[in-house]
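Trainee: Sharing coords.cif (mmCIF, C-alpha atoms) below.
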```cif
data_structure
#
loop_
_atom_site.label_atom_id
_atom_site.label_comp_id
_atom_site.auth_asym_id
_atom_site.auth_seq_id
_atom_site.Cartn_x
_atom_site.Cartn_y
_atom_site.Cartn_z
CA MET A 777 -39.95 -97.84 41.34
CA SER A 778 -36.79 -99.28 39.81
CA LEU A 779 -36.42 -99.35 36.04
CA ARG A 780 -36.27 -103.15 36.16
CA LYS A 781 -39.62 -103.41 37.94
CA GLY A 782 -41.17 -100.92 35.54
CA PHE A 783 -40.06 -103.03 32.59
CA ALA A 784 -41.55 -106.16 34.17
CA HIS A 785 -44.96 -104.48 34.25
CA GLU A 786 -44.57 -103.24 30.68
CA ARG A 787 -43.67 -106.77 29.59
CA ASP A 788 -46.79 -108.02 31.39
CA LEU A 789 -48.90 -105.60 29.37
CA VAL A 790 -47.16 -106.51 26.09
CA ARG A 791 -47.73 -110.21 26.81
CA ARG A 792 -51.44 -109.70 27.51
CA LEU A 793 -51.93 -107.64 24.37
CA TRP A 794 -50.06 -110.31 22.39
CA GLU A 795 -52.45 -112.96 23.77
CA HIS A 796 -55.33 -110.89 22.38
CA GLY A 797 -53.86 -110.98 18.88
CA PHE A 798 -52.03 -107.65 18.93
CA ALA A 799 -48.49 -106.92 17.85
CA ALA A 800 -46.96 -104.99 20.74
CA VAL A 801 -43.59 -103.55 21.66
CA ARG A 802 -42.28 -101.82 24.76
CA ALA A 803 -39.92 -98.87 24.54
CA PRO A 804 -36.17 -99.23 25.04
CA ALA A 805 -34.53 -97.90 28.18
CA SER A 806 -33.46 -94.33 27.60
CA GLY A 807 -29.83 -93.87 28.44
CA SER A 808 -28.21 -90.48 28.64
CA ARG A 809 -27.47 -90.36 24.91
CA THR A 810 -31.04 -91.08 23.89
CA LYS A 811 -32.83 -88.66 26.15
CA ARG A 812 -33.87 -86.51 23.23
CA ILE A 813 -35.95 -89.35 21.84
CA VAL A 814 -38.99 -90.07 24.01
CA TYR A 815 -40.97 -93.14 23.08
CA PRO A 816 -44.36 -94.31 24.33
CA ASP A 817 -43.90 -97.00 27.02
CA VAL A 818 -45.89 -99.46 24.91
CA VAL A 819 -47.02 -99.40 21.27
CA ALA A 820 -49.69 -101.95 20.29
CA ILE A 821 -51.00 -102.53 16.78
CA HIS A 822 -53.83 -104.62 15.37
CA LYS A 823 -54.28 -104.61 11.59
CA GLY A 824 -53.24 -101.00 11.18
CA LYS A 825 -55.06 -99.71 14.26
CA VAL A 826 -52.48 -98.29 16.64
CA ILE A 827 -52.60 -97.50 20.35
CA VAL A 828 -49.77 -95.83 22.24
CA MET A 829 -49.50 -95.89 26.00
CA GLU A 830 -47.82 -94.27 28.96
CA VAL A 831 -47.64 -96.87 31.75
CA LYS A 832 -48.29 -95.97 35.39
CA ILE A 833 -48.06 -98.42 38.28
CA VAL A 834 -49.96 -97.57 41.49
CA GLY A 835 -50.74 -99.43 44.67
CA ARG A 836 -54.36 -98.31 44.75
CA GLU A 837 -56.74 -96.02 42.86
CA ARG A 838 -55.52 -92.47 43.39
CA THR A 839 -54.81 -89.22 41.54
CA ILE A 840 -51.84 -89.69 39.21
CA TYR A 841 -49.52 -86.95 37.93
CA ILE A 842 -47.74 -87.33 34.62
CA ASP A 843 -44.84 -85.22 33.43
CA ARG A 844 -46.06 -82.57 30.96
CA LYS A 845 -43.26 -83.28 28.44
CA LYS A 846 -44.09 -86.99 28.38
CA VAL A 847 -47.74 -86.27 27.65
CA GLU A 848 -46.84 -83.86 24.87
CA LYS A 849 -44.40 -86.33 23.31
CA LEU A 850 -47.01 -89.09 23.51
CA ARG A 851 -49.53 -86.82 21.79
CA GLU A 852 -47.01 -86.00 19.03
CA PHE A 853 -46.20 -89.68 18.51
CA ALA A 854 -49.92 -90.54 18.38
CA SER A 855 -50.59 -87.77 15.88
CA ARG A 856 -47.88 -89.00 13.51
CA ALA A 857 -48.92 -92.64 13.88
CA GLY A 858 -52.64 -91.95 13.58
CA ALA A 859 -52.95 -93.66 16.95
CA SER A 860 -55.18 -93.46 19.99
CA ALA A 861 -53.25 -92.51 23.14
CA TYR A 862 -53.95 -93.91 26.60
CA VAL A 863 -52.52 -93.93 30.08
CA ALA A 864 -52.32 -97.62 31.06
CA VAL A 865 -52.67 -97.84 34.84
CA LYS A 866 -51.81 -101.05 36.68
CA ILE A 867 -53.28 -101.37 40.16
CA VAL A 868 -50.63 -103.58 41.74
CA GLY A 869 -52.89 -105.07 44.41
CA THR A 870 -55.45 -106.42 41.95
CA GLY A 871 -53.07 -106.87 39.02
CA GLU A 872 -55.72 -105.21 36.87
CA TRP A 873 -54.93 -102.89 33.98
CA LEU A 874 -57.11 -99.82 33.39
CA PHE A 875 -56.94 -97.59 30.31
CA VAL A 876 -57.69 -93.88 30.35
CA PRO A 877 -57.85 -91.92 27.06
CA LEU A 878 -55.32 -89.08 27.04
CA GLU A 879 -58.19 -86.62 26.44
CA LEU A 880 -59.38 -87.16 30.03
CA LEU A 881 -56.18 -85.77 31.55
CA VAL A 882 -56.40 -82.33 33.17
CA GLU A 883 -53.62 -79.76 32.91
CA ALA A 884 -51.78 -79.04 36.15
CA GLU A 885 -48.53 -77.23 36.92
CA ASN A 886 -45.70 -78.79 34.86
CA SER A 887 -47.77 -81.92 34.58
CA TYR A 888 -51.06 -83.47 33.63
CA LYS A 889 -53.37 -84.87 36.26
CA LEU A 890 -55.29 -88.11 35.98
CA THR A 891 -58.05 -87.63 38.55
CA ARG A 892 -59.85 -90.39 40.44
CA ASP A 893 -62.94 -89.36 38.53
CA ALA A 894 -61.16 -89.98 35.22
CA LEU A 895 -59.84 -93.29 36.56
CA SER A 896 -63.39 -94.33 37.41
CA ARG A 897 -64.23 -93.84 33.71
CA ALA A 898 -61.32 -96.02 32.56
CA ILE A 899 -61.92 -99.10 30.42
CA ASP A 900 -60.46 -102.55 31.15
CA LEU A 901 -58.23 -104.59 28.84
CA LYS A 902 -61.09 -106.59 27.36
CA THR A 903 -63.00 -103.44 26.46
CA LEU A 904 -59.87 -101.87 24.99
CA VAL A 905 -59.32 -104.93 22.81
CA THR A 906 -62.95 -104.94 21.68
CA THR A 907 -62.84 -101.23 20.94
CA VAL A 908 -59.76 -101.55 18.76
CA LYS A 909 -60.86 -104.72 16.98
CA GLY A 910 -64.51 -103.78 16.72
CA VAL A 911 -64.23 -100.62 14.73
CA LYS A 912 -63.40 -101.75 11.25
CA LYS A 913 -62.13 -99.62 8.46
CA LEU A 914 -64.00 -99.18 5.23
CA THR A 915 -61.16 -100.87 3.42
CA GLU A 916 -61.47 -103.95 5.63
CA PHE A 917 -65.15 -104.25 4.91
CA GLN A 918 -64.38 -104.11 1.22
CA ASP A 919 -61.53 -106.60 1.40
CA LYS A 920 -63.38 -109.16 3.46
CA LYS A 921 -66.96 -108.52 2.49
CA ALA A 922 -69.29 -110.98 4.23
CA SER A 923 -66.38 -113.23 5.16
CA GLU A 924 -66.97 -112.88 8.89
CA PRO A 925 -69.79 -111.76 11.15
CA THR A 926 -69.54 -108.28 12.62
CA MET B 645 -20.75 -105.65 16.13
CA SER B 646 -21.35 -104.56 19.71
CA LEU B 647 -24.90 -104.03 20.94
CA ARG B 648 -24.10 -100.37 21.56
CA LYS B 649 -23.01 -99.79 17.95
CA GLY B 650 -26.07 -101.62 16.67
CA PHE B 651 -28.34 -99.35 18.69
CA ALA B 652 -26.58 -96.27 17.33
CA HIS B 653 -27.45 -97.33 13.79
CA GLU B 654 -31.05 -98.10 14.78
CA ARG B 655 -31.32 -94.66 16.37
CA ASP B 656 -29.98 -93.16 13.15
CA LEU B 657 -32.76 -94.89 11.23
CA VAL B 658 -35.41 -93.85 13.76
CA ARG B 659 -34.21 -90.24 13.57
CA ARG B 660 -34.35 -90.19 9.74
CA LEU B 661 -37.85 -91.69 9.71
CA TRP B 662 -38.93 -89.13 12.31
CA GLU B 663 -37.61 -86.33 10.06
CA HIS B 664 -39.87 -87.66 7.31
CA GLY B 665 -42.95 -87.33 9.55
CA PHE B 666 -43.11 -90.90 10.82
CA ALA B 667 -43.56 -92.08 14.38
CA ALA B 668 -40.81 -94.63 14.94
CA VAL B 669 -39.49 -96.73 17.79
CA ARG B 670 -36.54 -99.06 18.13
CA ALA B 671 -36.79 -102.31 20.05
CA PRO B 672 -35.51 -102.67 23.61
CA ALA B 673 -32.38 -104.67 24.33
CA SER B 674 -33.36 -108.25 25.01
CA GLY B 675 -31.91 -109.45 28.28
CA SER B 676 -31.99 -113.09 29.29
CA ARG B 677 -35.48 -112.83 30.77
CA THR B 678 -37.04 -111.34 27.69
CA LYS B 679 -35.59 -113.71 25.13
CA ARG B 680 -38.99 -115.23 24.46
CA ILE B 681 -40.24 -111.90 23.15
CA VAL B 682 -38.63 -110.98 19.87
CA TYR B 683 -39.40 -107.53 18.57
CA PRO B 684 -38.65 -105.99 15.19
CA ASP B 685 -35.52 -103.83 15.39
CA VAL B 686 -37.52 -100.79 14.28
CA VAL B 687 -41.26 -100.14 13.99
CA ALA B 688 -42.30 -97.07 12.00
CA ILE B 689 -45.84 -95.79 11.58
CA HIS B 690 -47.41 -93.07 9.46
CA LYS B 691 -51.14 -92.47 9.88
CA GLY B 692 -51.96 -96.13 10.48
CA LYS B 693 -49.57 -97.49 7.87
CA VAL B 694 -47.01 -99.64 9.61
CA ILE B 695 -43.59 -100.91 8.55
CA VAL B 696 -41.48 -103.28 10.63
CA MET B 697 -37.78 -103.78 10.06
CA GLU B 698 -34.88 -106.06 10.78
CA VAL B 699 -31.71 -103.95 10.71
CA LYS B 700 -28.48 -105.22 9.15
CA ILE B 701 -25.23 -103.27 9.06
CA VAL B 702 -22.66 -104.22 6.42
CA GLY B 703 -19.41 -102.71 5.20
CA ARG B 704 -20.25 -103.19 1.53
CA GLU B 705 -22.94 -104.74 -0.65
CA ARG B 706 -22.79 -108.51 -0.08
CA THR B 707 -24.98 -111.54 0.57
CA ILE B 708 -26.57 -111.26 4.02
CA TYR B 709 -27.81 -114.16 6.15
CA ILE B 710 -30.59 -113.63 8.67
CA ASP B 711 -31.54 -116.04 11.44
CA ARG B 712 -34.61 -118.06 10.44
CA LYS B 713 -36.36 -117.50 13.80
CA LYS B 714 -35.97 -113.74 13.53
CA VAL B 715 -37.50 -113.70 10.06
CA GLU B 716 -40.42 -115.84 11.22
CA LYS B 717 -41.03 -113.61 14.27
CA LEU B 718 -40.87 -110.52 12.09
CA ARG B 719 -43.41 -112.07 9.72
CA GLU B 720 -45.73 -112.91 12.65
CA PHE B 721 -45.45 -109.37 14.06
CA ALA B 722 -46.16 -107.89 10.62
CA SER B 723 -49.18 -110.13 10.14
CA ARG B 724 -50.72 -109.07 13.47
CA ALA B 725 -49.95 -105.39 12.88
CA GLY B 726 -51.10 -105.37 9.27
CA ALA B 727 -47.59 -104.12 8.46
CA SER B 728 -45.14 -104.36 5.60
CA ALA B 729 -41.87 -106.04 6.61
CA TYR B 730 -38.44 -105.05 5.37
CA VAL B 731 -34.78 -105.74 5.96
CA ALA B 732 -33.17 -102.33 6.47
CA VAL B 733 -29.56 -102.55 5.30
CA LYS B 734 -27.07 -99.84 6.16
CA ILE B 735 -23.94 -99.75 4.03
CA VAL B 736 -21.50 -98.27 6.52
CA GLY B 737 -19.12 -96.82 3.95
CA THR B 738 -21.76 -94.72 2.22
CA GLY B 739 -24.06 -94.27 5.24
CA GLU B 740 -26.94 -95.13 2.92
CA TRP B 741 -29.97 -97.15 4.02
CA LEU B 742 -31.49 -99.68 1.62
CA PHE B 743 -34.80 -101.45 2.16
CA VAL B 744 -35.55 -104.94 0.91
CA PRO B 745 -39.08 -106.38 1.23
CA LEU B 746 -39.09 -109.60 3.27
CA GLU B 747 -40.65 -111.41 0.31
CA LEU B 748 -37.36 -111.16 -1.58
CA LEU B 749 -35.49 -113.28 0.99
CA VAL B 750 -34.57 -116.82 -0.07
CA GLU B 751 -34.69 -119.78 2.33
CA ALA B 752 -31.33 -121.25 3.27
CA GLU B 753 -30.23 -123.67 5.99
CA ASN B 754 -31.41 -122.34 9.40
CA SER B 755 -31.57 -118.89 7.90
CA TYR B 756 -32.87 -116.69 5.14
CA LYS B 757 -30.55 -115.28 2.53
CA LEU B 758 -30.64 -111.75 1.18
CA THR B 759 -28.79 -112.11 -2.11
CA ARG B 760 -26.85 -109.39 -3.89
CA ASP B 761 -29.49 -109.58 -6.60
CA ALA B 762 -32.23 -108.82 -4.03
CA LEU B 763 -30.09 -106.01 -2.63
CA SER B 764 -29.81 -104.51 -6.09
CA ARG B 765 -33.62 -104.33 -6.14
CA ALA B 766 -33.79 -102.53 -2.77
CA ILE B 767 -35.44 -99.14 -2.45
CA ASP B 768 -33.86 -96.14 -0.75
CA LEU B 769 -35.29 -94.20 2.21
CA LYS B 770 -36.96 -91.56 0.06
CA THR B 771 -38.75 -94.17 -2.02
CA LEU B 772 -39.81 -96.05 1.11
CA VAL B 773 -41.29 -92.86 2.55
CA THR B 774 -43.10 -92.05 -0.69
CA THR B 775 -44.43 -95.59 -0.93
CA VAL B 776 -45.88 -95.49 2.57
CA LYS B 777 -47.25 -91.96 2.35
CA GLY B 778 -48.41 -92.19 -1.23
CA VAL B 779 -50.95 -94.95 -0.89
CA LYS B 780 -53.89 -93.37 0.86
CA LYS B 781 -56.73 -95.18 2.49
CA LEU B 782 -60.33 -94.73 1.42
CA THR B 783 -61.10 -93.31 4.87
CA GLU B 784 -58.45 -90.63 4.44
CA PHE B 785 -59.89 -89.53 1.12
CA GLN B 786 -63.28 -89.23 2.77
CA ASP B 787 -62.00 -87.35 5.82
CA LYS B 788 -59.97 -84.84 3.89
CA LYS B 789 -61.86 -84.64 0.64
CA ALA B 790 -60.31 -82.06 -1.67
CA SER B 791 -58.33 -80.55 1.20
CA GLU B 792 -54.99 -81.40 -0.36
CA PRO B 793 -53.71 -82.30 -3.79
CA THR B 794 -52.99 -85.99 -4.39
#
```
Kindly return the structure encoded in the file as structure tokens.
Mentor:
Amino acid sequence: MSLRKGFAHERDLVRRLWEHGFAAVRAPASGSRTKRIVYPDVVAIHKGKVIVMEVKIVGRERTIYIDRKKVEKLREFASRAGASAYVAVKIVGTGEWLFVPLELLVEAENSYKLTRDALSRAIDLKTLVTTVKGVKKLTEFQDKKASEPT
Amino acid sequence: MSLRKGFAHERDLVRRLWEHGFAAVRAPASGSRTKRIVYPDVVAIHKGKVIVMEVKIVGRERTIYIDRKKVEKLREFASRAGASAYVAVKIVGTGEWLFVPLELLVEAENSYKLTRDALSRAIDLKTLVTTVKGVKKLTEFQDKKASEPT
């Protein structure tokens, strides 16, 4: 897929997350001079809860291979940020986004494998949003005690 | 300043924040199709604490004007993310970065003004890092009780 098309899908994801109240940003294009810095494809934040994502676009549900280095960099970024890391898979035919926690990836040769079994355990955008928004921090409970239903 | 030069300074800031243990990302270039989405120039995260920044490069300490729309978008992004917002000012001559909280900006016509007085109250990178890392969350104290000195 061309870089331009990839960005269009990332923008689609950023827009949807924005509609759900998140702050979200997609990564810059990496030119030759910036190759050393590897960013997550999309970073989304809601009130201090952070999710980082590697974006994969596929025509149908199938096994997906992800470069080992990219997975390791994503893990490092997530660790520093205190974030949850996902592979965000867009099934082009349906236009649906599916989210697979990085922990479900399986090591393969020079890559990590997202199996069809793992994909079948993915969550959809609505569930992702609920998961992030639903789990409140102790500090939030204290700040907003009884101000909104849980 | 050319876009390319601007990016080089943003990368410099991202690299320094990374060296201090942060996860950091700079915004993508906004082409004509993405103009509706305005990102912070740099987003930096440390264990769920988020700072968002508008980057300004100046030759010497002087009054700086920032587009009103950009300030409002930065404020909106920060509100969603639960982030602190800063103007990150690089003084080219010294290579030093200074950070001014958005709250110190003064409204002007179609813009916000960062006065020399506000700039004199800026914090440096080390202080910014300490500020973000120093304030721990209740949840962190509970997770790591007595595992490290405070």
Trainee: Please, what distance in Å, to one decimal, runs between atom CA of Glu705 of chain B and atom CA of Leu763 of chain B?
Mentor: 7.5 Å
Trainee: Suppose a student applies the PyMOL selection byres ((chain B) within 8 of (chain A)) to this structure; what residues should they get, written as number ranges by chain?
Mentor: B: 665-667, 669-673, 683, 689-694, 721-727, 781-783
Trainee: The selected residues should be written to file as a compact mmCIF listing (two decimals), in the frame of the given file (atoms: C-alpha atoms).
Mentor:
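Listing of selection34.txt after writing:
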```txt
# COMPACT_ATOMS: atom_id res chain seq x y z
CA GLY B 665 -42.95 -87.33 9.55
CA PHE B 666 -43.11 -90.90 10.82
CA ALA B 667 -43.56 -92.08 14.38
CA VAL B 669 -39.49 -96.73 17.79
CA ARG B 670 -36.54 -99.06 18.13
CA ALA B 671 -36.79 -102.31 20.05
CA PRO B 672 -35.51 -102.67 23.61
CA ALA B 673 -32.38 -104.67 24.33
CA TYR B 683 -39.40 -107.53 18.57
CA ILE B 689 -45.84 -95.79 11.58
CA HIS B 690 -47.41 -93.07 9.46
CA LYS B 691 -51.14 -92.47 9.88
CA GLY B 692 -51.96 -96.13 10.48
CA LYS B 693 -49.57 -97.49 7.87
CA VAL B 694 -47.01 -99.64 9.61
CA PHE B 721 -45.45 -109.37 14.06
CA ALA B 722 -46.16 -107.89 10.62
CA SER B 723 -49.18 -110.13 10.14
CA ARG B 724 -50.72 -109.07 13.47
CA ALA B 725 -49.95 -105.39 12.88
CA GLY B 726 -51.10 -105.37 9.27
CA ALA B 727 -47.59 -104.12 8.46
CA LYS B 781 -56.73 -95.18 2.49
CA LEU B 782 -60.33 -94.73 1.42
CA THR B 783 -61.10 -93.31 4.87
```
Trainee: Between atom CA of Asp788 of chain A and atom CA of Leu746 of chain B, measure the distance and give it in Å to one decimal.
Mentor: 29.2 Å
Trainee: Assuming the chain letters and numbering stay as they are in my file, what does the PyMOL selection byres ((chain B and resi 730) around 7) actually select? List them as a list of chain:residue names.
Mentor: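 So the PyMOL selection byres ((chain B and resi 730) around 7) ends up selecting B:Val696, B:Met697, B:Glu698, B:Ser728, B:Ala729, B:Val731, B:Ala732, B:Phe743, B:Val744, B:Pro745, B:Leu746.
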Trainee: I want to know what sits within 10 Å of Leu772 of chain B, based on all atoms listed in the file, with residues of the same chain fewer than 3 positions away left out; could you give that as a list in words?
Mentor: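 Returned residues: Leu661, Ile695, Leu742, Phe743, Val744, Ala766, Ile767, Asp768, Leu769, Thr775, Val776, Lys777 and Gly778 of chain B.
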Trainee: Residues at most 12 Å from Thr738 of chain B, counting all atoms listed in the file, excluding those fewer than 2 positions away in the same chain, as a PDB file with C-alpha atoms, keeping the file's coordinate frame?
Mentor:
```
ATOM      1  CA  ILE B 701     -25.230-103.270   9.060  1.00  0.00           C
ATOM      2  CA  VAL B 702     -22.660-104.220   6.420  1.00  0.00           C
ATOM      3  CA  GLY B 703     -19.410-102.710   5.200  1.00  0.00           C
ATOM      4  CA  ARG B 704     -20.250-103.190   1.530  1.00  0.00           C
ATOM      5  CA  GLU B 705     -22.940-104.740  -0.650  1.00  0.00           C
ATOM      6  CA  VAL B 733     -29.560-102.550   5.300  1.00  0.00           C
ATOM      7  CA  LYS B 734     -27.070 -99.840   6.160  1.00  0.00           C
ATOM      8  CA  ILE B 735     -23.940 -99.750   4.030  1.00  0.00           C
ATOM      9  CA  VAL B 736     -21.500 -98.270   6.520  1.00  0.00           C
ATOM     10  CA  GLU B 740     -26.940 -95.130   2.920  1.00  0.00           C
ATOM     11  CA  TRP B 741     -29.970 -97.150   4.020  1.00  0.00           C
ATOM     12  CA  LEU B 742     -31.490 -99.680   1.620  1.00  0.00           C
TER      13      LEU B 742
END
```
Trainee: Taking the partial coordinates given, rebuild segment 841-851 of chain A to contain all heavy atoms; return it as a PDB file, keeping the file's coordinate frame.
Mentor:
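Done, and the output landed in out-v7.pdb:
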```pdb
ATOM      1  N   TYR A 841     -50.094 -88.076  38.674  1.00  0.00           N
ATOM      2  CA  TYR A 841     -49.520 -86.950  37.930  1.00  0.00           C
ATOM      3  C   TYR A 841     -48.543 -87.468  36.890  1.00  0.00           C
ATOM      4  O   TYR A 841     -47.739 -88.355  37.162  1.00  0.00           O
ATOM      5  CB  TYR A 841     -48.820 -85.979  38.889  1.00  0.00           C
ATOM      6  CG  TYR A 841     -49.804 -85.265  39.785  1.00  0.00           C
ATOM      7  CD1 TYR A 841     -50.214 -85.826  40.999  1.00  0.00           C
ATOM      8  CD2 TYR A 841     -50.352 -84.047  39.391  1.00  0.00           C
ATOM      9  CE1 TYR A 841     -51.142 -85.186  41.812  1.00  0.00           C
ATOM     10  CE2 TYR A 841     -51.277 -83.394  40.201  1.00  0.00           C
ATOM     11  CZ  TYR A 841     -51.660 -83.971  41.401  1.00  0.00           C
ATOM     12  OH  TYR A 841     -52.582 -83.322  42.188  1.00  0.00           O
ATOM     13  N   ILE A 842     -48.615 -86.902  35.707  1.00  0.00           N
ATOM     14  CA  ILE A 842     -47.740 -87.330  34.620  1.00  0.00           C
ATOM     15  C   ILE A 842     -47.005 -86.117  34.070  1.00  0.00           C
ATOM     16  O   ILE A 842     -47.595 -85.079  33.796  1.00  0.00           O
ATOM     17  CB  ILE A 842     -48.543 -88.016  33.499  1.00  0.00           C
ATOM     18  CG1 ILE A 842     -49.309 -89.213  34.084  1.00  0.00           C
ATOM     19  CG2 ILE A 842     -47.631 -88.476  32.374  1.00  0.00           C
ATOM     20  CD1 ILE A 842     -50.399 -89.733  33.175  1.00  0.00           C
ATOM     21  N   ASP A 843     -45.696 -86.282  33.927  1.00  0.00           N
ATOM     22  CA  ASP A 843     -44.840 -85.220  33.430  1.00  0.00           C
ATOM     23  C   ASP A 843     -45.401 -84.610  32.139  1.00  0.00           C
ATOM     24  O   ASP A 843     -45.752 -85.314  31.201  1.00  0.00           O
ATOM     25  CB  ASP A 843     -43.435 -85.805  33.185  1.00  0.00           C
ATOM     26  CG  ASP A 843     -42.443 -84.754  32.725  1.00  0.00           C
ATOM     27  OD1 ASP A 843     -42.101 -83.884  33.537  1.00  0.00           O
ATOM     28  OD2 ASP A 843     -42.049 -84.800  31.543  1.00  0.00           O
ATOM     29  N   ARG A 844     -45.472 -83.275  32.103  1.00  0.00           N
ATOM     30  CA  ARG A 844     -46.060 -82.570  30.960  1.00  0.00           C
ATOM     31  C   ARG A 844     -45.379 -82.936  29.646  1.00  0.00           C
ATOM     32  O   ARG A 844     -46.014 -83.214  28.633  1.00  0.00           O
ATOM     33  CB  ARG A 844     -45.966 -81.063  31.189  1.00  0.00           C
ATOM     34  CG  ARG A 844     -46.370 -80.207  29.981  1.00  0.00           C
ATOM     35  CD  ARG A 844     -46.224 -78.724  30.289  1.00  0.00           C
ATOM     36  NE  ARG A 844     -47.176 -78.334  31.306  1.00  0.00           N
ATOM     37  CZ  ARG A 844     -48.393 -77.830  31.044  1.00  0.00           C
ATOM     38  NH1 ARG A 844     -48.766 -77.660  29.786  1.00  0.00           N
ATOM     39  NH2 ARG A 844     -49.198 -77.504  32.002  1.00  0.00           N
ATOM     40  N   LYS A 845     -44.036 -82.961  29.647  1.00  0.00           N
ATOM     41  CA  LYS A 845     -43.260 -83.280  28.440  1.00  0.00           C
ATOM     42  C   LYS A 845     -43.625 -84.653  27.906  1.00  0.00           C
ATOM     43  O   LYS A 845     -43.743 -84.857  26.702  1.00  0.00           O
ATOM     44  CB  LYS A 845     -41.759 -83.220  28.768  1.00  0.00           C
ATOM     45  CG  LYS A 845     -41.156 -81.846  28.608  1.00  0.00           C
ATOM     46  CD  LYS A 845     -40.128 -81.840  27.459  1.00  0.00           C
ATOM     47  CE  LYS A 845     -39.707 -80.426  27.093  1.00  0.00           C
ATOM     48  NZ  LYS A 845     -38.967 -79.775  28.177  1.00  0.00           N
ATOM     49  N   LYS A 846     -43.782 -85.628  28.813  1.00  0.00           N
ATOM     50  CA  LYS A 846     -44.090 -86.990  28.380  1.00  0.00           C
ATOM     51  C   LYS A 846     -45.450 -87.049  27.699  1.00  0.00           C
ATOM     52  O   LYS A 846     -45.625 -87.740  26.697  1.00  0.00           O
ATOM     53  CB  LYS A 846     -44.056 -87.957  29.575  1.00  0.00           C
ATOM     54  CG  LYS A 846     -42.648 -88.214  30.094  1.00  0.00           C
ATOM     55  CD  LYS A 846     -42.596 -89.415  31.013  1.00  0.00           C
ATOM     56  CE  LYS A 846     -42.277 -90.685  30.238  1.00  0.00           C
ATOM     57  NZ  LYS A 846     -42.022 -91.844  31.092  1.00  0.00           N
ATOM     58  N   VAL A 847     -46.402 -86.303  28.247  1.00  0.00           N
ATOM     59  CA  VAL A 847     -47.740 -86.270  27.650  1.00  0.00           C
ATOM     60  C   VAL A 847     -47.690 -85.636  26.265  1.00  0.00           C
ATOM     61  O   VAL A 847     -48.289 -86.132  25.302  1.00  0.00           O
ATOM     62  CB  VAL A 847     -48.735 -85.506  28.557  1.00  0.00           C
ATOM     63  CG1 VAL A 847     -50.065 -85.302  27.843  1.00  0.00           C
ATOM     64  CG2 VAL A 847     -48.941 -86.262  29.866  1.00  0.00           C
ATOM     65  N   GLU A 848     -46.925 -84.541  26.161  1.00  0.00           N
ATOM     66  CA  GLU A 848     -46.840 -83.860  24.870  1.00  0.00           C
ATOM     67  C   GLU A 848     -46.152 -84.726  23.815  1.00  0.00           C
ATOM     68  O   GLU A 848     -46.549 -84.754  22.649  1.00  0.00           O
ATOM     69  CB  GLU A 848     -46.121 -82.513  25.037  1.00  0.00           C
ATOM     70  CG  GLU A 848     -47.048 -81.471  25.671  1.00  0.00           C
ATOM     71  CD  GLU A 848     -46.302 -80.263  26.249  1.00  0.00           C
ATOM     72  OE1 GLU A 848     -45.069 -80.198  26.103  1.00  0.00           O
ATOM     73  OE2 GLU A 848     -46.974 -79.397  26.847  1.00  0.00           O
ATOM     74  N   LYS A 849     -45.109 -85.442  24.235  1.00  0.00           N
ATOM     75  CA  LYS A 849     -44.400 -86.330  23.310  1.00  0.00           C
ATOM     76  C   LYS A 849     -45.310 -87.487  22.871  1.00  0.00           C
ATOM     77  O   LYS A 849     -45.294 -87.911  21.714  1.00  0.00           O
ATOM     78  CB  LYS A 849     -43.146 -86.906  23.975  1.00  0.00           C
ATOM     79  CG  LYS A 849     -42.111 -85.860  24.327  1.00  0.00           C
ATOM     80  CD  LYS A 849     -41.112 -85.672  23.212  1.00  0.00           C
ATOM     81  CE  LYS A 849     -40.018 -84.699  23.644  1.00  0.00           C
ATOM     82  NZ  LYS A 849     -39.063 -84.426  22.563  1.00  0.00           N
ATOM     83  N   LEU A 850     -46.085 -87.991  23.815  1.00  0.00           N
ATOM     84  CA  LEU A 850     -47.010 -89.090  23.510  1.00  0.00           C
ATOM     85  C   LEU A 850     -48.043 -88.622  22.486  1.00  0.00           C
ATOM     86  O   LEU A 850     -48.384 -89.331  21.532  1.00  0.00           O
ATOM     87  CB  LEU A 850     -47.697 -89.572  24.785  1.00  0.00           C
ATOM     88  CG  LEU A 850     -48.535 -90.855  24.668  1.00  0.00           C
ATOM     89  CD1 LEU A 850     -47.660 -92.051  24.306  1.00  0.00           C
ATOM     90  CD2 LEU A 850     -49.283 -91.141  25.966  1.00  0.00           C
ATOM     91  N   ARG A 851     -48.527 -87.401  22.692  1.00  0.00           N
ATOM     92  CA  ARG A 851     -49.530 -86.820  21.790  1.00  0.00           C
ATOM     93  C   ARG A 851     -48.942 -86.657  20.379  1.00  0.00           C
ATOM     94  O   ARG A 851     -49.593 -86.942  19.380  1.00  0.00           O
ATOM     95  CB  ARG A 851     -49.968 -85.465  22.356  1.00  0.00           C
ATOM     96  CG  ARG A 851     -51.278 -84.966  21.834  1.00  0.00           C
ATOM     97  CD  ARG A 851     -51.684 -83.696  22.539  1.00  0.00           C
ATOM     98  NE  ARG A 851     -52.369 -83.926  23.803  1.00  0.00           N
ATOM     99  CZ  ARG A 851     -52.318 -83.111  24.858  1.00  0.00           C
ATOM    100  NH1 ARG A 851     -51.589 -82.009  24.802  1.00  0.00           N
ATOM    101  NH2 ARG A 851     -52.982 -83.395  25.951  1.00  0.00           N
TER     102      ARG A 851
END
```
